[in-house]
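Novice: structure-v3.cif (mmCIF, C-alpha atoms) pasted underneath:
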```
data_final
#
loop_
_atom_site.label_atom_id
_atom_site.label_comp_id
_atom_site.auth_asym_id
_atom_site.auth_seq_id
_atom_site.Cartn_x
_atom_site.Cartn_y
_atom_site.Cartn_z
CA MET A 536 132.24 62.84 83.07
CA SER A 537 131.48 66.51 83.32
CA ILE A 538 129.67 69.31 85.13
CA ARG A 539 127.40 71.71 83.29
CA VAL A 540 128.01 75.26 84.52
CA LEU A 541 125.52 78.13 84.05
CA PHE A 542 125.98 81.89 84.55
CA PHE A 543 123.11 84.35 84.82
CA ALA A 544 122.38 88.07 84.59
CA SER A 545 125.27 90.51 85.26
CA LEU A 546 127.62 87.58 85.92
CA ARG A 547 126.85 86.12 82.50
CA GLU A 548 127.67 89.49 80.94
CA GLN A 549 130.86 90.00 82.92
CA LEU A 550 132.12 86.54 82.00
CA GLY A 551 130.97 86.95 78.42
CA ARG A 552 129.18 83.59 78.15
CA PRO A 553 126.08 81.89 79.51
CA GLN A 554 127.59 78.49 80.22
CA ALA A 555 130.66 76.31 80.46
CA GLU A 556 131.59 72.70 81.03
CA VAL A 557 134.22 71.39 83.43
CA ALA A 558 135.55 67.87 84.00
CA TRP A 559 134.24 66.25 87.16
CA GLN A 560 136.68 65.08 89.86
CA PRO A 561 135.97 63.21 93.10
CA GLU A 562 135.41 65.45 96.19
CA MET A 563 134.89 68.45 93.96
CA THR A 564 133.32 71.52 95.59
CA ALA A 565 131.18 74.28 94.03
CA SER A 566 134.06 76.75 94.57
CA GLN A 567 136.38 74.52 92.62
CA VAL A 568 133.84 74.32 89.80
CA TRP A 569 133.81 78.15 89.73
CA CYS A 570 137.62 78.33 89.56
CA LEU A 571 137.88 75.80 86.77
CA ALA A 572 135.04 77.36 84.79
CA THR A 573 136.21 80.99 85.09
CA GLY A 574 139.96 80.73 85.58
CA GLN A 575 139.62 82.83 88.76
CA THR A 576 141.33 81.77 92.00
CA ARG A 577 138.32 82.13 94.31
CA LEU A 578 134.52 82.36 94.35
CA PRO A 579 133.46 85.98 95.10
CA GLY A 580 131.41 86.34 98.29
CA ASN A 581 128.43 87.97 96.57
CA VAL A 582 127.96 85.20 94.00
CA LEU A 583 125.11 82.77 94.73
CA VAL A 584 125.43 79.10 93.85
CA ALA A 585 122.88 76.42 93.02
CA CYS A 586 123.51 72.74 92.38
CA ASN A 587 120.80 70.89 90.45
CA GLN A 588 118.47 73.91 90.89
CA GLU A 589 118.82 74.03 94.70
CA TYR A 590 120.84 76.65 96.57
CA CYS A 591 124.16 75.36 97.89
CA ARG A 592 127.38 76.83 99.30
CA GLY A 593 130.89 77.12 97.93
CA GLU A 594 132.00 74.20 100.14
CA SER A 595 129.17 71.95 98.95
CA LEU A 596 130.34 68.76 97.23
CA ILE A 597 129.21 68.39 93.64
CA ASP A 598 128.13 65.07 92.14
CA ASP A 599 129.15 64.02 88.67
CA ALA A 600 126.84 65.21 85.88
CA ALA A 601 125.42 67.94 88.11
CA GLU A 602 124.21 71.31 86.83
CA VAL A 603 125.94 74.09 88.77
CA ALA A 604 124.72 77.67 88.42
CA PHE A 605 126.36 80.93 89.54
CA PHE A 606 124.45 84.20 89.71
CA PRO A 607 124.21 87.60 91.42
CA PRO A 608 121.61 88.42 94.14
CA VAL A 609 118.11 87.79 92.79
CA THR A 610 115.82 90.76 92.07
CA GLY A 611 112.44 89.28 91.10
CA GLY A 612 108.98 90.08 92.38
CA MET B 706 64.48 120.68 122.19
CA SER B 707 65.16 116.97 121.76
CA ILE B 708 67.69 114.19 121.15
CA ARG B 709 67.18 111.67 118.37
CA VAL B 710 68.07 108.18 119.63
CA LEU B 711 68.89 105.23 117.33
CA PHE B 712 69.21 101.51 118.13
CA PHE B 713 70.87 98.99 115.82
CA ALA B 714 71.11 95.24 115.22
CA SER B 715 70.39 92.91 118.18
CA LEU B 716 69.80 95.90 120.45
CA ARG B 717 67.12 97.22 118.10
CA GLU B 718 65.42 93.81 118.21
CA GLN B 719 65.68 93.47 121.99
CA LEU B 720 64.18 96.91 122.53
CA GLY B 721 61.56 96.33 119.85
CA ARG B 722 62.10 99.63 118.02
CA PRO B 723 64.73 101.31 115.84
CA GLN B 724 64.56 104.77 117.37
CA ALA B 725 63.26 107.04 120.09
CA GLU B 726 63.25 110.68 121.03
CA VAL B 727 64.08 112.15 124.43
CA ALA B 728 63.85 115.73 125.74
CA TRP B 729 67.24 117.45 126.00
CA GLN B 730 68.43 118.79 129.36
CA PRO B 731 71.59 120.76 130.21
CA GLU B 732 74.63 118.63 131.27
CA MET B 733 72.96 115.54 129.87
CA THR B 734 75.24 112.47 129.36
CA ALA B 735 74.93 109.61 126.87
CA SER B 736 74.11 107.24 129.75
CA GLN B 737 71.23 109.46 130.79
CA VAL B 738 69.94 109.48 127.22
CA TRP B 739 69.98 105.65 127.32
CA CYS B 740 68.05 105.56 130.61
CA LEU B 741 65.39 107.99 129.42
CA ALA B 742 65.05 106.26 126.02
CA THR B 743 64.83 102.69 127.36
CA GLY B 744 63.49 103.05 130.90
CA GLN B 745 66.51 101.08 132.18
CA THR B 746 68.54 102.31 135.15
CA ARG B 747 72.00 101.98 133.61
CA LEU B 748 73.82 101.65 130.29
CA PRO B 749 75.09 98.03 129.86
CA GLY B 750 78.88 97.76 129.56
CA ASN B 751 78.80 95.97 126.21
CA VAL B 752 76.69 98.62 124.46
CA LEU B 753 78.62 101.01 122.19
CA VAL B 754 77.60 104.65 121.91
CA ALA B 755 78.01 107.22 119.13
CA CYS B 756 77.06 110.90 119.26
CA ASN B 757 76.58 112.58 115.89
CA GLN B 758 78.15 109.53 114.16
CA GLU B 759 81.33 109.57 116.25
CA TYR B 760 82.11 107.08 119.03
CA CYS B 761 81.67 108.51 122.53
CA ARG B 762 81.42 107.19 126.09
CA GLY B 763 78.57 106.94 128.57
CA GLU B 764 79.92 109.96 130.45
CA SER B 765 80.14 112.11 127.31
CA LEU B 766 78.01 115.25 127.39
CA ILE B 767 75.36 115.44 124.71
CA ASP B 768 74.46 118.66 122.92
CA ASP B 769 70.90 119.60 122.14
CA ALA B 770 69.57 118.25 118.83
CA ALA B 771 72.26 115.56 118.73
CA GLU B 772 71.80 112.12 117.20
CA VAL B 773 72.77 109.46 119.76
CA ALA B 774 73.12 105.83 118.65
CA PHE B 775 73.41 102.68 120.78
CA PHE B 776 74.54 99.37 119.31
CA PRO B 777 76.27 96.03 120.03
CA PRO B 778 79.90 95.25 119.03
CA VAL B 779 80.35 95.74 115.30
CA THR B 780 80.88 92.69 113.05
CA GLY B 781 81.58 94.01 109.56
CA GLY B 782 84.36 93.18 107.12
CA MET C 864 92.59 108.83 94.50
CA LEU C 865 90.14 107.48 97.11
CA ASP C 866 87.02 105.56 96.10
CA ILE C 867 84.87 104.34 99.00
CA GLN C 868 81.41 102.86 98.53
CA VAL C 869 78.87 100.92 100.56
CA CYS C 870 77.10 98.61 98.11
CA GLU C 871 73.45 97.63 98.38
CA GLN C 872 73.95 95.16 95.53
CA GLY C 873 76.58 92.48 94.90
CA PHE C 874 79.93 93.55 93.45
CA ASP C 875 82.68 91.73 91.57
CA PRO C 876 86.05 92.67 93.16
CA TRP C 877 88.06 92.07 89.96
CA HIS C 878 85.68 94.17 87.91
CA GLU C 879 85.86 96.97 90.51
CA LEU C 880 89.66 96.86 90.43
CA ALA C 881 89.89 96.83 86.64
CA THR C 882 87.47 99.77 86.40
CA PHE C 883 89.33 101.76 89.08
CA GLN C 884 92.63 101.37 87.26
CA GLN C 885 91.13 102.72 84.05
CA HIS C 886 90.53 106.12 85.69
CA PRO C 887 92.63 108.89 84.07
CA ASP C 888 94.07 109.84 87.49
CA PHE C 889 95.45 106.34 87.95
CA ALA C 890 99.13 106.56 86.94
CA ALA C 891 100.13 102.95 86.40
CA GLY C 892 103.90 103.46 86.59
CA LYS C 893 103.84 105.32 89.90
CA SER C 894 102.83 102.52 92.27
CA GLY C 895 104.99 99.42 92.37
CA ALA C 896 102.83 97.66 94.94
CA ASN C 897 99.13 96.84 95.09
CA ALA C 898 97.90 94.95 98.15
CA VAL C 899 94.31 93.70 98.07
CA PHE C 900 92.04 91.95 100.52
CA VAL C 901 88.67 90.42 99.67
CA GLY C 902 86.47 89.09 102.45
CA THR C 903 83.76 86.73 101.29
CA MET C 904 80.89 85.07 103.12
CA ARG C 905 81.80 81.61 104.39
CA ASP C 906 79.25 78.80 104.51
CA PHE C 907 80.31 77.95 108.10
CA ASN C 908 80.76 79.88 111.35
CA GLU C 909 81.18 78.82 114.98
CA GLY C 910 80.79 75.19 113.87
CA ASP C 911 77.46 75.70 112.09
CA THR C 912 76.47 75.73 108.44
CA VAL C 913 75.30 79.16 107.37
CA GLN C 914 72.98 79.43 104.38
CA ALA C 915 72.52 83.20 104.16
CA MET C 916 73.40 86.45 105.91
CA THR C 917 72.05 89.97 106.24
CA LEU C 918 74.37 92.90 106.78
CA GLU C 919 72.89 95.89 108.57
CA HIS C 920 74.68 99.22 109.05
CA TYR C 921 74.30 102.77 110.36
CA PRO C 922 74.61 104.63 107.06
CA ALA C 923 75.56 108.13 108.20
CA MET C 924 78.20 106.82 110.61
CA THR C 925 79.54 104.16 108.22
CA THR C 926 80.38 106.78 105.63
CA ARG C 927 82.19 108.96 108.17
CA GLN C 928 84.09 106.07 109.77
CA LEU C 929 85.27 104.64 106.45
CA GLN C 930 86.39 108.06 105.18
CA THR C 931 88.29 108.74 108.40
CA LEU C 932 90.05 105.41 108.63
CA VAL C 933 91.06 105.43 104.97
CA GLN C 934 92.35 109.00 105.17
CA GLU C 935 94.43 108.22 108.27
CA THR C 936 95.97 105.18 106.59
CA VAL C 937 96.75 107.11 103.40
CA THR C 938 98.60 109.74 105.42
CA ARG C 939 100.47 107.28 107.62
CA PHE C 940 101.63 105.00 104.79
CA ARG C 941 101.82 107.60 101.97
CA LEU C 942 99.47 105.61 99.77
CA ASP C 943 98.85 106.58 96.13
CA HIS C 944 95.28 105.23 95.94
CA VAL C 945 92.68 103.34 97.96
CA LEU C 946 89.63 101.46 96.70
CA LEU C 947 87.14 100.25 99.31
CA ARG C 948 83.82 98.44 98.90
CA HIS C 949 81.56 96.99 101.60
CA ARG C 950 78.33 95.11 101.03
CA VAL C 951 75.14 95.58 103.00
CA GLY C 952 71.83 93.74 102.63
CA ALA C 953 71.10 90.06 101.94
CA ILE C 954 74.06 87.92 100.86
CA ARG C 955 74.86 84.26 100.11
CA PRO C 956 77.94 82.09 100.78
CA GLY C 957 80.75 83.00 98.41
CA ASP C 958 79.51 86.57 97.92
CA PRO C 959 82.13 89.28 98.47
CA ILE C 960 81.54 91.33 101.64
CA VAL C 961 84.51 93.67 101.65
CA LEU C 962 87.20 94.75 99.18
CA VAL C 963 90.22 96.80 100.31
CA ALA C 964 92.88 97.69 97.73
CA VAL C 965 95.82 100.02 98.32
CA TRP C 966 98.51 101.20 95.93
CA SER C 967 101.94 102.36 97.15
CA ALA C 968 105.46 102.79 95.83
CA HIS C 969 106.82 99.82 97.80
CA ARG C 970 105.38 96.60 99.13
CA ALA C 971 105.98 96.94 102.88
CA ALA C 972 103.73 100.01 103.14
CA GLY C 973 101.11 98.34 100.95
CA PHE C 974 100.89 95.17 103.03
CA ASP C 975 100.80 97.12 106.31
CA ALA C 976 98.23 99.62 105.08
CA CYS C 977 95.85 97.04 103.61
CA ARG C 978 95.89 95.11 106.86
CA GLN C 979 95.46 98.20 108.98
CA ILE C 980 92.40 99.29 107.00
CA MET C 981 90.84 95.84 107.44
CA GLU C 982 91.53 95.73 111.18
CA THR C 983 90.27 99.25 111.81
CA LEU C 984 87.18 98.61 109.70
CA LYS C 985 86.44 95.40 111.61
CA HIS C 986 86.79 97.18 114.96
CA ASN C 987 85.12 100.50 114.20
CA ALA C 988 82.83 100.52 111.19
CA PRO C 989 79.19 100.12 112.26
CA PHE C 990 78.18 96.98 110.35
CA TRP C 991 76.39 94.00 111.89
CA LYS C 992 75.92 90.50 110.49
CA ARG C 993 72.91 88.29 111.06
CA GLU C 994 73.22 84.69 109.92
CA THR C 995 70.51 82.34 108.70
CA LEU C 996 71.50 78.82 109.80
CA SER C 997 70.64 75.60 107.93
CA ASP C 998 67.45 75.09 109.98
CA GLY C 999 66.29 78.58 109.03
CA SER C 1000 66.94 80.11 112.46
CA LEU C 1001 68.48 83.60 112.70
CA ARG C 1002 71.54 84.47 114.77
CA TRP C 1003 73.39 87.76 115.20
CA VAL C 1004 77.15 87.40 114.89
CA GLU C 1005 78.39 88.54 118.31
CA ARG C 1006 82.04 89.15 117.55
CA ASN C 1007 84.57 89.09 114.74
CA THR C 1008 87.36 86.55 114.37
CA ALA C 1009 90.63 87.87 115.79
CA GLY C 1010 92.75 89.45 113.08
CA MET D 1135 94.39 74.12 94.36
CA LEU D 1136 97.82 75.51 93.36
CA ASP D 1137 98.34 77.32 90.06
CA ILE D 1138 101.88 78.61 89.47
CA GLN D 1139 103.04 79.98 86.14
CA VAL D 1140 105.97 81.95 84.77
CA CYS D 1141 104.57 84.12 81.96
CA GLU D 1142 106.50 85.03 78.82
CA GLN D 1143 103.69 87.39 77.85
CA GLY D 1144 101.84 90.09 79.77
CA PHE D 1145 99.01 89.05 82.08
CA ASP D 1146 96.01 90.85 83.56
CA PRO D 1147 95.86 90.05 87.31
CA TRP D 1148 92.10 90.57 87.57
CA HIS D 1149 91.44 88.34 84.61
CA GLU D 1150 93.72 85.65 86.08
CA LEU D 1151 91.88 85.85 89.41
CA ALA D 1152 88.42 85.73 87.83
CA THR D 1153 89.41 82.73 85.71
CA PHE D 1154 90.96 80.90 88.66
CA GLN D 1155 87.79 81.29 90.74
CA GLN D 1156 85.68 79.77 87.96
CA HIS D 1157 87.48 76.44 88.34
CA PRO D 1158 85.13 73.66 89.55
CA ASP D 1159 87.49 72.87 92.47
CA PHE D 1160 87.20 76.43 93.76
CA ALA D 1161 84.57 76.26 96.52
CA ALA D 1162 83.52 79.86 97.01
CA GLY D 1163 81.95 79.46 100.47
CA LYS D 1164 84.95 77.72 102.04
CA SER D 1165 87.45 80.57 102.12
CA GLY D 1166 86.46 83.73 103.94
CA ALA D 1167 89.70 85.55 103.16
CA ASN D 1168 91.55 86.27 99.94
CA ALA D 1169 94.79 88.26 100.22
CA VAL D 1170 96.37 89.42 96.96
CA PHE D 1171 99.55 91.22 96.03
CA VAL D 1172 100.34 92.62 92.59
CA GLY D 1173 103.79 94.01 91.91
CA THR D 1174 103.97 96.27 88.86
CA MET D 1175 106.87 97.93 87.12
CA ARG D 1176 107.49 101.46 88.37
CA ASP D 1177 108.71 104.22 86.07
CA PHE D 1178 111.34 105.26 88.65
CA ASN D 1179 114.05 103.48 90.65
CA GLU D 1180 117.02 104.71 92.68
CA GLY D 1181 116.13 108.27 91.67
CA ASP D 1182 116.15 107.61 87.91
CA THR D 1183 113.39 107.40 85.34
CA VAL D 1184 113.09 103.90 83.94
CA GLN D 1185 111.55 103.45 80.50
CA ALA D 1186 111.66 99.66 80.14
CA MET D 1187 112.87 96.51 81.86
CA THR D 1188 113.89 92.98 80.97
CA LEU D 1189 113.33 90.11 83.39
CA GLU D 1190 115.71 87.17 83.05
CA HIS D 1191 115.37 83.92 84.98
CA TYR D 1192 116.78 80.40 85.43
CA PRO D 1193 113.79 78.43 84.22
CA ALA D 1194 114.43 75.00 85.74
CA MET D 1195 115.27 76.48 89.13
CA THR D 1196 112.49 79.06 89.09
CA THR D 1197 109.87 76.36 88.73
CA ARG D 1198 111.30 74.31 91.60
CA GLN D 1199 111.76 77.31 93.90
CA LEU D 1200 108.25 78.63 93.34
CA GLN D 1201 106.69 75.20 93.86
CA THR D 1202 108.67 74.67 97.07
CA LEU D 1203 107.98 78.07 98.60
CA VAL D 1204 104.26 77.92 97.79
CA GLN D 1205 103.93 74.38 99.16
CA GLU D 1206 105.67 75.33 102.41
CA THR D 1207 103.39 78.33 102.86
CA VAL D 1208 100.26 76.30 102.13
CA THR D 1209 101.24 73.80 104.81
CA ARG D 1210 102.24 76.38 107.40
CA PHE D 1211 99.15 78.58 107.01
CA ARG D 1212 96.62 75.86 105.96
CA LEU D 1213 95.74 77.71 102.77
CA ASP D 1214 92.85 76.59 100.57
CA HIS D 1215 94.32 77.83 97.26
CA VAL D 1216 97.27 79.75 95.84
CA LEU D 1217 97.53 81.50 92.48
CA LEU D 1218 100.99 82.75 91.46
CA ARG D 1219 102.11 84.47 88.27
CA HIS D 1220 105.53 85.99 87.48
CA ARG D 1221 106.49 87.77 84.29
CA VAL D 1222 109.74 87.31 82.39
CA GLY D 1223 110.92 89.07 79.24
CA ALA D 1224 110.56 92.68 78.13
CA ILE D 1225 108.16 94.85 80.14
CA ARG D 1226 107.02 98.48 80.35
CA PRO D 1227 106.12 100.75 83.29
CA GLY D 1228 102.73 99.82 84.70
CA ASP D 1229 102.97 96.20 83.53
CA PRO D 1230 102.31 93.56 86.21
CA ILE D 1231 105.43 91.64 87.24
CA VAL D 1232 104.10 89.37 89.97
CA LEU D 1233 100.70 88.25 91.24
CA VAL D 1234 100.33 86.31 94.49
CA ALA D 1235 96.84 85.38 95.68
CA VAL D 1236 96.03 83.14 98.63
CA TRP D 1237 92.69 81.94 99.97
CA SER D 1238 92.19 80.92 103.60
CA ALA D 1239 89.38 80.51 106.11
CA HIS D 1240 90.41 83.58 108.12
CA ARG D 1241 92.18 86.83 107.32
CA ALA D 1242 95.22 86.65 109.63
CA ALA D 1243 96.57 83.54 107.89
CA GLY D 1244 95.83 85.05 104.48
CA PHE D 1245 97.70 88.31 105.14
CA ASP D 1246 100.68 86.49 106.67
CA ALA D 1247 100.87 83.87 103.92
CA CYS D 1248 100.63 86.34 101.03
CA ARG D 1249 103.41 88.41 102.51
CA GLN D 1250 105.58 85.38 103.25
CA ILE D 1251 105.28 84.15 99.66
CA MET D 1252 106.30 87.58 98.36
CA GLU D 1253 109.28 87.87 100.72
CA THR D 1254 110.51 84.35 100.04
CA LEU D 1255 110.08 84.83 96.30
CA LYS D 1256 112.03 88.10 96.42
CA HIS D 1257 114.86 86.49 98.37
CA ASN D 1258 115.07 83.09 96.67
CA ALA D 1259 113.47 82.89 93.25
CA PRO D 1260 116.10 83.24 90.49
CA PHE D 1261 114.81 86.28 88.60
CA TRP D 1262 116.94 89.29 87.61
CA LYS D 1263 115.82 92.72 86.42
CA ARG D 1264 117.70 94.88 83.95
CA GLU D 1265 116.46 98.44 83.53
CA THR D 1266 116.60 100.67 80.47
CA LEU D 1267 117.02 104.26 81.71
CA SER D 1268 115.68 107.35 79.96
CA ASP D 1269 118.99 107.88 78.09
CA GLY D 1270 118.79 104.32 76.75
CA SER D 1271 121.55 102.95 78.99
CA LEU D 1272 121.11 99.52 80.61
CA ARG D 1273 121.52 98.82 84.32
CA TRP D 1274 121.10 95.58 86.29
CA VAL D 1275 119.06 96.03 89.45
CA GLU D 1276 121.50 95.07 92.19
CA ARG D 1277 119.14 94.52 95.06
CA ASN D 1278 115.47 94.51 95.98
CA THR D 1279 113.79 97.11 98.16
CA ALA D 1280 113.54 95.91 101.76
CA GLY D 1281 110.19 94.25 102.45
#
```
Can you turn what I pasted into structure tokens?
Specialist:
Amino acid sequence: MSIRVLFFASLREQLGRPQAEVAWQPEMTASQVWCLATGQTRLPGNVLVACNQEYCRGESLIDDAAEVAFFPPVTGG
Amino acid sequence: MSIRVLFFASLREQLGRPQAEVAWQPEMTASQVWCLATGQTRLPGNVLVACNQEYCRGESLIDDAAEVAFFPPVTGG
Amino acid sequence: MLDIQVCEQGFDPWHELATFQQHPDFAAGKSGANAVFVGTMRDFNEGDTVQAMTLEHYPAMTTRQLQTLVQETVTRFRLDHVLLRHRVGAIRPGDPIVLVAVWSAHRAAGFDACRQIMETLKHNAPFWKRETLSDGSLRWVERNTAG
Amino acid sequence: MLDIQVCEQGFDPWHELATFQQHPDFAAGKSGANAVFVGTMRDFNEGDTVQAMTLEHYPAMTTRQLQTLVQETVTRFRLDHVLLRHRVGAIRPGDPIVLVAVWSAHRAAGFDACRQIMETLKHNAPFWKRETLSDGSLRWVERNTAG
């Protein structure tokens, strides 16, 4: 079972790819998804997180087969 | 020498005419113009007054040859 | 660029806006924000059905008041452009009564300025509405809705 | 009536508004107030000349966020209708980026609701702007102007 990970905008460019996939584990948090997907030790404070297209926090628990997205502050409108 | 007096909207209908003319006198106020133009003893509190197309008050002094308008609260927009 | 008109005939707000923006002095890349308000005649007021309305005004004073209030708002909010239309005469439900459009670099000034023009116009501009109710009777509107 | 679309191609706000109001469910005499905001691309930002821009988004989330924020505003301000358009893709100075239009019985609710939709969209909707400066270099916009 796995998590689909998406990166957007400047974050996508910095990481050099638009998406990744990580294996799901019980009690997994969004921060842990970030670490596994990027190889970094912690989720930067200015990175926003969404789980299944809804905003969530780094501590939020992630269900199996979820879509988790990481992106910089939004600048639409 | 005279003052041109205008009435608008419901006030025009109540008074039965759109305008009047009154003789100018030195130190004349807008309230006095009202009294001479309508035959009433005092300017009602809910009547707005403009002198030469600018809002003024009952106590405002009126110059000769001015245009003085009396009207109810405005309801545009 | 300021364009202020009292209209004896009906106007289409979107046509007025499109035409205004085609003017050579309208620099499209300068203003990031365009706030617009259109007031239209409702078919109800104070609990009654309204079938028609007549808008009376004091022409010489209307022109001066609208010019003054627009100019003050332009200065205060550093607006790039203002377009203002106000109907007078006989109108029907759904007809536009007033159009206020302001262009500014940023949105906060645009929202504030558009609203300020509408509030000042409602309080100061010498227009008066008379409604024709469903039974044909006439009634002067005595006050505006709070803004 | 709610009409929300993310546009891959350019749109004309006045044409969108005129078309929306021709819908049979649009009852012209019901709404006395129509507040509109159009955000267009400026040719300057942070002191630099900007010659083009690309708008990226997160399509699945954008749709959900826009639906949610519009629905909440409709409920809170008892709006009659909302029309919302947001561009994505490659745009030029002067091109419309966002159109928010709300219809309500009275103007206070309309002004407040239009502004709330814009602020919530700016803070929550997953769009990102990348500017092309006059020397051809690319720069991500890092934050929005305060509203």
Novice: Pull out every residue that the PyMOL selection byres ((chain D and resi 1208) around 12) matches in the shown coordinates and put them as a list in words.
Specialist: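 With the shown file as input, the PyMOL selection byres ((chain D and resi 1208) around 12) matches Met1135, Leu1136, Gln1201, Thr1202, Leu1203, Val1204, Gln1205, Glu1206, Thr1207, Thr1209, Arg1210, Phe1211, Arg1212, Leu1213, Asp1214, His1215, Val1216, Leu1217, Ala1235, Val1236, Trp1237, Ser1238, Ala1243, Gly1244, Asp1246, Ala1247, Cys1248, Gln1250 and Ile1251 of chain D.
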Novice: Can you list, as a ChimeraX atom specification, every protein, DNA or RNA residue that comes within 9 Å of segment 1150-1166 of chain D when you count all atoms listed in the file, leaving out same-chain residues fewer than 3 positions away?
Specialist: /C:877-878,901-907,955-959 /D:1135,1137,1145-1147,1213-1215,1217,1219,1235,1237-1241
Novice: Evaluating the PyMOL selection byres ((chain B and resi 732-748) around 12) on the displayed file yields which residues, as an NGL selection string?
Specialist: :B and (707-712 or 716-717 or 719-731 or 749-757 or 760-777)
Novice: Given only C-alpha atoms as the basis, pick out the residue of D:Arg1249, D:Arg1277, D:His1257, D:Arg1264 nearest to chain C.
Specialist: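 Once distances to chain C are computed over only C-alpha atoms, the minimum belongs to D:Arg1249.
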Novice: Write out as a ChimeraX atom specification every residue belonging to chain C that has an atom at most 8 Å from any atom of chain B, counting all atoms listed in the file.
Specialist: /C:902,918-921,923-924,927-928,949,960-961,981,984-992,1003-1007
Novice: Skipping near chain neighbours, those fewer than 5 positions away, what residues fall within 7 Å of Thr995 of chain C using all atoms listed in the file, listed as a list in words?
Specialist: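 In the requested form, the answer reads Val913, Gln914, Ala915, Met916, Ser1000, Leu1001 and Arg1002 of chain C.
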Novice: Which value, in Å to one decimal, gives the distance between atom CA of Thr1197 of chain D and atom CA of Ala1224 of chain D?
Specialist: 19.5 Å
Novice: Restricting the calculation to all atoms listed in the file, which member of D:Ala1280, D:Ile1225, D:Leu1200, D:Ala1169 is positioned closest to chain C?
Specialist: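 Using all atoms listed in the file, the shortest distance to chain C belongs to D:Ala1169.
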